[in-house]
Amino acid sequence: MFNSSEYTGFCRDCFTPQDGAKRCFSCKTGRIIAHPEIFTLSIAHLDCDAFYAAIEKRDNPALADRPVIIGGGVRGVVSTACYVARTYGVHSAMPMFQAKAACPDAVIIKPDMAKYAAVGKAVREMMRDLTPMVEPLSIDEAFMDLSGTARIHGAPPAVTLAKLQARVQSALGVTASIGLSHNKFLAKMASDLDKPRGFSIIGKAETTSFLARQPVTMIWGVGKAMARRLHEDGLATIGQLQQLDAATLGKRYGEMGLRLARLSRGEDARPVKPERETKSLSSETTFNEDRRDVRWLEDVLWALCEKVSARMKAAGFEGRTVTLKLKTADFKSITRAHTLDAPSNLARTAFAAAAPMLRAAAGGKAYRLIGVGFSGLVPAASEERPADLFGAPDARIAKAEKAIDALREKFGPEAVQAGRTLRKTR
């Protein structure tokens, strides 16, 4: 059992306890992490570093020192930028044309979500090996509560987390950063402090003073619009928020103001919830140029229906509602929804519901983005469903789609294509 009572830190390479030395007395490296509360904290946030780009660099060592951007199309946005690309000012959600202008020598790679999901699942399984209290936030990040696990793992949560970092890098070839604190808000904030491959701690005693020095944008959920509003009101730092009481902030900013009052003082009572309900699954694409041809848009819609259907089946879900998303040339978003007679996860059902909504919305307008998704998700039923929108038995369509999915999984996504898909590529 790791006896932490006489130590204030440990070596991140060999995990030997340390008593204040700058270099490990065991392995002689300098990766010592120390903090007065390091062995008493148990709420953590793990966030993989530049996840998509890291996987591509892992799979192609020639990219190791190159700027890599994961994204698609001239009109698309950056999904992930590696740390080399970030030195040029490239960041997630940046329009691709801006990213290419900022970093013309970057290697642009189209996202491979199936590959990334597989690695993300492996990371998640490693977390669950340590504690059942894992709350995923996205494909590559999650909260963990390791309270009461010291006896099981023979070490305090901080050491267990450092070993997890090492295991992720060794087994999967990607790195992750850890934030450790006494609640979720501070753990997530800590994980961003020392990327990549970081391990940062925010203790209870330092919470208020640490937060006081940070900009308001460090508060989770304060985006550009809210930050601008706060700055206009003379509130640039969290310390300035701390000087105002909850009633004042609530009156000025409503529910968001009450949230700011709590978080500015580091108050977050939310528990780590092991299960997060998946509310919807969708797929969308942005075109290289605006398109108004309805037949062409329907072909794209069909391909998206196939993609989201495959994801629904793999996840074991059916949806009660099909939603169509469109974005016009002037960035106006249009959303239409259709409630099905019975939950489904079939591509043909999704297309039968979404295509009429697309035709009704088209009207000669030019669009830059189209998307489709299922919502109102329920576990996929094992019994046969009634007839679908085509009037054909659901079971027969499901059997045909299942066979197509199996062929694509074995031979690749181009193995089987519908007639309309082939027409679109000509």
# chains A, B, ... in the order shown; residues from 1 in each chain; ligands from 1
$ residues_around --residues "range 94-106 of chain A" --least-positions-apart "4" --cutoff "8 Å" --atoms "only C-alpha atoms" --output "list of chain:residue names"
A:Arg66, A:Pro67, A:Val68, A:Ile69, A:Gly71, A:Gly72, A:Gly73, A:Val74, A:Arg75, A:Gly76, A:Val77, A:Val78, A:Ala85, A:Tyr88, A:Gly89, A:Val90
$ atom_distance --atom1 "CA of Ala81 in chain A" --atom2 "CA of Leu369 in chain A"
22.1 Å
$ residues_around --residues "Asp293 in chain A" --least-positions-apart "5" --cutoff "10 Å" --atoms "only C-alpha atoms" --output "list in words"
Glu298, Ala362, Gly363, Gly364, Lys365, Ala366 and Tyr367 of chain A
$ closest_residue --among "A:Ala162, A:Val308, A:Val174, A:Leu186" --to "Ala53 in chain A" --atoms "only C-alpha atoms"
A:Val174
$ select_by_dssp --residues "range 10-187 of chain A" --states "strand (DSSP E)" --output "number ranges by chain"
A: 10-11, 17-18, 32-34, 43-48, 68-71, 78-81, 107-109, 134-138, 141-145, 176-181
$ residues_around --residues "range 192-197 of chain A" --least-positions-apart "5" --cutoff "7 Å" --atoms "only C-alpha atoms" --output "list in words"
Asp49, Thr175, Ala176 and Ser177 of chain A
$ atom_distance --atom1 "CA of Ala315 in chain A" --atom2 "CA of Glu125 in chain A"
16.0 Å
$ select_by_dssp --residues "range 16-189 of chain A" --states "helix (DSSP H, G or I)" --output "ChimeraX atom specification"
/A:51-59,61-63,83-86,96-102,113-130,150-153,157-172,184-189
$ residues_around --residues "Glu6 in chain A" --least-positions-apart "4" --cutoff "10 Å" --atoms "only C-alpha atoms" --output "PyMOL selection string"
chain A and resi 17-19
$ write_last_selection --atoms "C-alpha atoms" --output "short mmCIF file (atom, residue, chain, number, x, y, z; two decimals), in the first residue's frame"
data_model
loop_
_atom_site.label_atom_id
_atom_site.label_comp_id
_atom_site.auth_asym_id
_atom_site.auth_seq_id
_atom_site.Cartn_x
_atom_site.Cartn_y
_atom_site.Cartn_z
CA PRO A 17 6.78 8.89 -3.52
CA GLN A 18 8.77 12.12 -3.13
CA ASP A 19 9.33 14.45 -0.20
#
$ closest_residue --among "A:Val272, A:Ile334, A:Ala227, A:Leu324" --to "Ala350 in chain A" --atoms "only C-alpha atoms"
A:Leu324
$ closest_residue --among "A:His45, A:Lys115, A:Gly373, A:Thr335" --to "Met357 in chain A" --atoms "only C-alpha atoms"
A:Thr335
$ closest_residue --among "A:Leu63, A:Leu244, A:Ile32, A:Leu301" --to "Ser200 in chain A" --atoms "only C-alpha atoms"
A:Ile32
$ closest_residue --among "A:Leu180, A:Met133, A:Ala246, A:Leu260" --to "Met226 in chain A" --atoms "only C-alpha atoms"
A:Leu260
$ residues_around --residues "Met189 in chain A" --least-positions-apart "3" --cutoff "12 Å" --atoms "only C-alpha atoms" --output "number ranges by chain"
A: 43-47, 143, 177-186, 192-195, 199-202, 207, 210-211, 214-215, 217-221, 263, 266
